[in-house]
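Engineer: Structure file entry-v9.cif (mmCIF, C-alpha atoms) right here:
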```cif
data_my_file
#
loop_
_atom_site.label_atom_id
_atom_site.label_comp_id
_atom_site.auth_asym_id
_atom_site.auth_seq_id
_atom_site.Cartn_x
_atom_site.Cartn_y
_atom_site.Cartn_z
CA ALA A 27 11.37 14.66 4.60
CA GLN A 28 9.92 12.64 1.77
CA SER A 29 6.45 13.30 0.43
CA VAL A 30 4.37 12.56 -2.62
CA THR A 31 1.51 14.51 -4.21
CA GLN A 32 -0.98 13.04 -6.63
CA LEU A 33 -2.36 15.96 -8.53
CA ASP A 34 -5.73 14.48 -9.46
CA SER A 35 -8.09 12.66 -7.15
CA HIS A 36 -10.15 11.39 -10.08
CA VAL A 37 -9.37 10.86 -13.78
CA SER A 38 -11.89 9.69 -16.35
CA VAL A 39 -10.94 8.44 -19.84
CA SER A 40 -12.63 6.59 -22.66
CA GLU A 41 -11.63 3.05 -23.50
CA GLY A 42 -8.81 3.04 -26.04
CA THR A 43 -7.54 6.54 -25.19
CA PRO A 44 -4.30 7.35 -23.34
CA VAL A 45 -4.04 7.44 -19.57
CA LEU A 46 -1.98 9.98 -17.63
CA LEU A 47 -1.88 9.91 -13.83
CA ARG A 48 0.29 12.64 -12.34
CA CYS A 49 2.60 12.41 -9.35
CA ASN A 50 5.14 14.82 -7.89
CA TYR A 51 7.54 13.86 -5.14
CA SER A 52 9.82 15.50 -2.64
CA SER A 53 12.94 13.71 -1.46
CA SER A 54 16.22 14.63 0.16
CA TYR A 55 18.14 12.06 -1.87
CA SER A 56 17.78 9.78 -4.81
CA PRO A 57 14.41 8.21 -4.12
CA SER A 58 12.81 4.86 -4.75
CA LEU A 59 9.43 5.50 -6.34
CA PHE A 60 6.57 3.12 -6.91
CA TRP A 61 3.13 2.92 -8.44
CA TYR A 62 0.61 0.54 -6.90
CA VAL A 63 -2.89 -0.25 -8.14
CA GLN A 64 -5.88 -1.23 -6.03
CA HIS A 65 -8.96 -2.74 -7.64
CA PRO A 66 -12.24 -2.54 -5.70
CA ASN A 67 -12.19 -4.66 -2.54
CA LYS A 68 -8.66 -5.87 -3.25
CA GLY A 69 -5.20 -5.28 -1.83
CA LEU A 70 -2.48 -3.22 -3.47
CA GLN A 71 -0.61 -4.65 -6.44
CA LEU A 72 2.83 -3.39 -7.44
CA LEU A 73 2.72 -1.92 -10.96
CA LEU A 74 6.31 -0.72 -11.26
CA LYS A 75 9.30 0.61 -9.35
CA TYR A 76 11.99 3.21 -10.10
CA THR A 77 15.44 2.72 -8.58
CA SER A 78 17.69 4.96 -10.72
CA ALA A 79 18.69 2.24 -13.18
CA ALA A 80 16.65 3.83 -16.00
CA THR A 81 14.41 6.88 -16.07
CA LEU A 82 11.68 5.15 -18.08
CA VAL A 83 10.26 2.25 -16.12
CA LYS A 84 8.01 -0.34 -17.70
CA GLY A 85 5.47 -2.09 -15.52
CA ILE A 86 2.76 -4.67 -15.81
CA ASN A 87 -0.39 -4.38 -17.93
CA GLY A 88 1.18 -1.91 -20.38
CA PHE A 89 1.82 0.85 -17.84
CA GLU A 90 5.02 2.83 -17.68
CA ALA A 91 6.33 5.79 -15.71
CA GLU A 92 9.05 8.32 -16.38
CA PHE A 93 11.26 9.73 -13.66
CA LYS A 94 12.04 13.41 -14.29
CA LYS A 95 14.39 14.78 -11.69
CA SER A 96 14.22 18.35 -12.97
CA GLU A 97 10.44 18.34 -12.55
CA THR A 98 10.40 16.05 -9.48
CA SER A 99 7.73 14.05 -11.26
CA PHE A 100 6.94 10.38 -11.76
CA HIS A 101 3.82 10.33 -13.93
CA LEU A 102 2.14 7.05 -14.86
CA THR A 103 1.01 6.51 -18.45
CA LYS A 104 -0.60 3.93 -20.67
CA PRO A 105 -1.15 4.37 -24.41
CA SER A 106 -4.61 2.81 -24.53
CA ALA A 107 -6.98 2.36 -21.59
CA HIS A 108 -8.87 -0.85 -21.03
CA MET A 109 -12.03 -1.28 -18.99
CA SER A 110 -10.10 -3.49 -16.56
CA ASP A 111 -7.79 -0.55 -15.75
CA ALA A 112 -10.54 1.09 -13.71
CA ALA A 113 -9.10 1.17 -10.20
CA GLU A 114 -7.35 3.41 -7.71
CA TYR A 115 -3.68 4.16 -8.29
CA PHE A 116 -1.18 5.15 -5.61
CA CYS A 117 2.14 6.89 -6.12
CA VAL A 118 4.59 5.97 -3.36
CA VAL A 119 8.04 7.12 -2.26
CA SER A 120 10.34 5.26 0.08
CA ASP A 121 11.61 7.30 3.02
CA THR A 122 15.15 5.99 2.53
CA GLY A 123 17.25 6.24 -0.57
CA GLY A 124 19.09 3.57 -2.48
CA GLY A 125 16.45 0.87 -2.12
CA SER A 126 17.31 0.05 1.45
CA GLN A 127 14.54 -0.95 3.81
CA GLY A 128 12.41 1.93 4.84
CA ASN A 129 8.86 3.05 5.22
CA LEU A 130 6.66 3.81 2.24
CA ILE A 131 4.98 7.20 1.99
CA PHE A 132 1.71 6.92 0.06
CA GLY A 133 -0.07 9.54 -1.98
CA LYS A 134 -3.79 10.01 -1.51
CA GLY A 135 -4.59 8.03 -4.63
CA THR A 136 -6.11 8.73 -8.04
CA LYS A 137 -9.29 6.97 -8.98
CA LEU A 138 -9.30 6.04 -12.67
CA SER A 139 -12.64 5.56 -14.42
CA VAL A 140 -12.80 4.10 -17.92
CA LYS A 141 -15.87 4.77 -20.05
CA PRO A 142 -16.90 2.36 -22.81
CA GLU B 23 -2.89 -13.07 -5.32
CA THR B 24 0.62 -11.96 -4.44
CA GLY B 25 1.88 -14.58 -2.00
CA VAL B 26 0.49 -12.68 0.99
CA THR B 27 -2.79 -13.97 2.40
CA GLN B 28 -5.06 -12.45 5.01
CA THR B 29 -7.92 -13.92 7.00
CA PRO B 30 -10.68 -13.21 7.52
CA ARG B 31 -11.48 -11.09 4.46
CA HIS B 32 -14.44 -9.49 6.23
CA LEU B 33 -15.10 -9.04 9.94
CA VAL B 34 -17.95 -7.40 11.82
CA MET B 35 -17.49 -6.96 15.53
CA GLY B 36 -19.03 -5.14 18.46
CA MET B 37 -17.07 -2.70 20.57
CA THR B 38 -16.70 -5.22 23.41
CA ASN B 39 -15.49 -8.12 21.28
CA LYS B 40 -11.98 -9.48 20.96
CA LYS B 41 -10.86 -10.70 17.57
CA SER B 42 -7.63 -11.29 15.65
CA LEU B 43 -6.56 -10.66 12.07
CA LYS B 44 -4.09 -13.05 10.52
CA CYS B 45 -1.52 -12.50 7.79
CA GLU B 46 0.71 -15.11 6.20
CA GLN B 47 3.38 -14.58 3.57
CA HIS B 48 4.76 -17.30 1.31
CA LEU B 49 7.53 -15.22 -0.28
CA GLY B 50 10.43 -15.98 2.05
CA HIS B 51 10.41 -12.39 3.32
CA ASN B 52 11.49 -11.39 6.80
CA ALA B 53 9.84 -8.01 7.30
CA MET B 54 6.10 -7.57 7.75
CA TYR B 55 3.81 -4.58 8.10
CA TRP B 56 0.28 -3.63 9.14
CA TYR B 57 -1.45 -0.70 7.44
CA LYS B 58 -4.84 0.93 7.96
CA GLN B 59 -6.76 2.25 4.97
CA SER B 60 -9.71 4.50 5.80
CA ALA B 61 -11.97 6.21 3.33
CA LYS B 62 -10.52 9.44 1.96
CA LYS B 63 -7.26 9.14 3.93
CA PRO B 64 -3.79 8.09 2.77
CA LEU B 65 -2.64 4.65 3.79
CA GLU B 66 -1.39 4.72 7.39
CA LEU B 67 1.47 2.56 8.56
CA MET B 68 0.65 0.98 11.93
CA PHE B 69 3.39 -1.52 12.77
CA VAL B 70 6.62 -2.82 11.28
CA TYR B 71 8.32 -6.07 12.18
CA SER B 72 11.79 -6.94 10.92
CA LEU B 73 13.27 -10.34 11.72
CA GLU B 74 10.31 -10.88 14.08
CA GLU B 75 11.11 -7.82 16.19
CA ARG B 76 8.90 -4.76 16.25
CA VAL B 77 10.88 -1.85 14.84
CA GLU B 78 8.17 0.75 14.50
CA ASN B 79 4.87 1.59 16.14
CA ASN B 80 3.33 4.71 14.70
CA SER B 81 1.50 5.85 17.83
CA VAL B 82 -1.20 3.26 17.42
CA PRO B 83 -3.75 2.96 20.27
CA SER B 84 -3.19 0.03 22.62
CA ARG B 85 -6.50 -1.54 21.57
CA PHE B 86 -4.49 -2.78 18.58
CA SER B 87 -1.87 -5.35 19.59
CA PRO B 88 0.42 -6.95 17.00
CA GLU B 89 2.15 -10.30 17.26
CA CYS B 90 4.80 -11.79 15.00
CA PRO B 91 5.57 -15.37 16.09
CA ASN B 92 7.80 -16.09 13.08
CA SER B 93 8.86 -14.47 9.83
CA SER B 94 5.90 -15.91 7.92
CA HIS B 95 3.04 -14.94 10.22
CA LEU B 96 1.71 -11.69 11.58
CA PHE B 97 -1.34 -11.12 13.73
CA LEU B 98 -3.26 -8.05 14.79
CA HIS B 99 -5.23 -8.59 18.00
CA LEU B 100 -8.21 -6.31 18.45
CA HIS B 101 -10.12 -5.47 21.62
CA THR B 102 -12.60 -2.78 22.68
CA LEU B 103 -12.48 -1.10 19.29
CA GLN B 104 -14.35 2.06 18.34
CA PRO B 105 -16.58 2.62 15.30
CA GLU B 106 -13.89 4.92 13.83
CA ASP B 107 -11.58 1.88 13.67
CA SER B 108 -13.70 0.52 10.84
CA ALA B 109 -11.38 0.34 7.83
CA LEU B 110 -9.51 -1.96 5.48
CA TYR B 111 -6.49 -3.45 7.26
CA LEU B 112 -3.69 -4.39 4.92
CA CYS B 113 -0.70 -6.60 5.61
CA ALA B 114 2.50 -6.38 3.57
CA SER B 115 5.86 -8.08 3.53
CA SER B 116 9.31 -7.38 2.14
CA ARG B 117 12.80 -8.78 2.15
CA GLN B 118 14.78 -7.22 4.98
CA GLY B 119 17.04 -4.49 3.63
CA THR B 120 14.85 -3.70 0.61
CA ASP B 121 11.95 -1.30 0.23
CA THR B 122 9.63 -3.16 -2.17
CA GLN B 123 6.56 -4.32 -0.27
CA TYR B 124 3.99 -6.88 -1.37
CA PHE B 125 0.47 -6.56 -0.07
CA GLY B 126 -2.26 -8.95 0.92
CA PRO B 127 -5.91 -8.49 -0.08
CA GLY B 128 -6.86 -6.91 3.24
CA THR B 129 -9.46 -7.50 5.93
CA ARG B 130 -12.51 -5.23 5.78
CA LEU B 131 -13.34 -4.51 9.43
CA THR B 132 -16.63 -3.02 10.57
CA VAL B 133 -17.04 -2.05 14.23
CA LEU B 134 -20.63 -1.64 15.37
#
```
Using the file provided, produce a representation of the structure as structure tokens.
Structural biologist:
Amino acid sequence: AQSVTQLDSHVSVSEGTPVLLRCNYSSSYSPSLFWYVQHPNKGLQLLLKYTSAATLVKGINGFEAEFKKSETSFHLTKPSAHMSDAAEYFCVVSDTGGGSQGNLIFGKGTKLSVKP
Amino acid sequence: ETGVTQTPRHLVMGMTNKKSLKCEQHLGHNAMYWYKQSAKKPLELMFVYSLEERVENNSVPSRFSPECPNSSHLFLHLHTLQPEDSALYLCASSRQGTDTQYFGPGTRLTVL
């Protein structure tokens, strides 16, 4: 069975410093992995998606994530945090492999705070 | 925001009321989903429709009744809800055969 674990429920950084949001996954086959962001009182916005084409995935707003099979990790990073990055971030795995239609398994979310 | 719209954005209802949530997608997708997001809980998948047929119902109580009249519209009919049903209800859509879902802004439901 597929599962995803977000290791931190809350991360706080200062504006201009790097962001690291950690995610570990469990999957029986080559997974599709996603990061979504949810700003307060908004829906979920797709940040980026991994589908085995390249291990380093670039997303919107300067975010990127690296797929590491040996560590079963898919951590989200950004070199320099901006105040507008304050939001909740969800790591997600698809319960089928190869990008075919399946259900998404969501992590519990990491709330990112950015201090001025 | 993302081509998926939801109305209303906020809804307050009593336990004896009947109301409906509406979702519309403008992305040409043919699979649609309802999710429930409660405080401090992971997102819960409620219903999946693919090509207008329900393909999954994750043991959702019968007081929630989905309807998918065509590939662009999805409804969630609500009746005799409980206060614990208060949550953010999110709609999503995808192209059939792919796993990338696009979400609407949600309806914040409060049951009194």
Engineer: Pick from A:Ala112, A:Leu73, A:Leu102, A:Val30: nearest to Leu130 (chain A), with only C-alpha atoms counted?
Structural biologist: A:Val30
Engineer: Per residue of chain B within 9 Å of chain A, note the shortest atom pair and the distance in Å to one decimal, counting only C-alpha atoms, and order the rows by chain and increasing residue number, as a tab-separated table.
Structural biologist:
```
residue	atom	partner	partner_atom	distance
B:Glu23	CA	A:Gln71	CA	8.8
B:Thr24	CA	A:Gln71	CA	7.7
B:Lys62	CA	A:Lys134	CA	7.6
B:Lys63	CA	A:Lys134	CA	6.5
B:Pro64	CA	A:Lys134	CA	4.7
B:Leu65	CA	A:Phe132	CA	6.2
B:Glu66	CA	A:Phe132	CA	8.3
B:Leu67	CA	A:Asn129	CA	8.1
B:Val70	CA	A:Asn129	CA	8.7
B:Leu110	CA	A:Asn67	CA	8.9
B:Leu112	CA	A:Gly69	CA	7.0
B:Cys113	CA	A:Gly69	CA	8.8
B:Ser116	CA	A:Gln127	CA	8.5
B:Arg117	CA	A:Gln127	CA	8.2
B:Gln118	CA	A:Gln127	CA	6.4
B:Gly119	CA	A:Gln127	CA	4.3
B:Thr120	CA	A:Gln127	CA	4.2
B:Asp121	CA	A:Gln127	CA	4.4
B:Thr122	CA	A:Gly125	CA	7.9
B:Gln123	CA	A:Leu72	CA	8.1
B:Tyr124	CA	A:Leu72	CA	7.1
B:Phe125	CA	A:Leu70	CA	5.6
B:Gly126	CA	A:Gly69	CA	5.4
B:Pro127	CA	A:Gly69	CA	3.7
B:Gly128	CA	A:Gly69	CA	5.6
B:Arg130	CA	A:Asn67	CA	8.3
```
Engineer: Could the centre and edge lengths of an axis-aligned box, enclosing all atoms of region 106-125 of chain B in the file with 8 Å extra on each side, be given in Å to one decimal as lines of an AutoDock Vina configuration file?
Structural biologist:
```
center_x = 1.6
center_y = -1.9
center_z = 5.8
size_x = 46.9
size_y = 29.7
size_z = 32.0
```
Engineer: For Asp107 (chain B), which residue among B:Val133, B:Ala53, B:Val26, B:Cys90 is the nearest when counting all atoms listed in the file?
Structural biologist: B:Val133
Engineer: Starting from the PyMOL selection byres ((chain B and resi 91) around 12), expand the selection into actual residues of this file and give them as a count of residues only.
Structural biologist: 21
Engineer: Between CA of His32 (chain B) and CA of Pro83 (chain B), what is the spacing in Å?
Structural biologist: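 Taking CA of Pro83 (chain B) as the start and CA of His32 (chain B) as the end point, the length is 21.6 Å.
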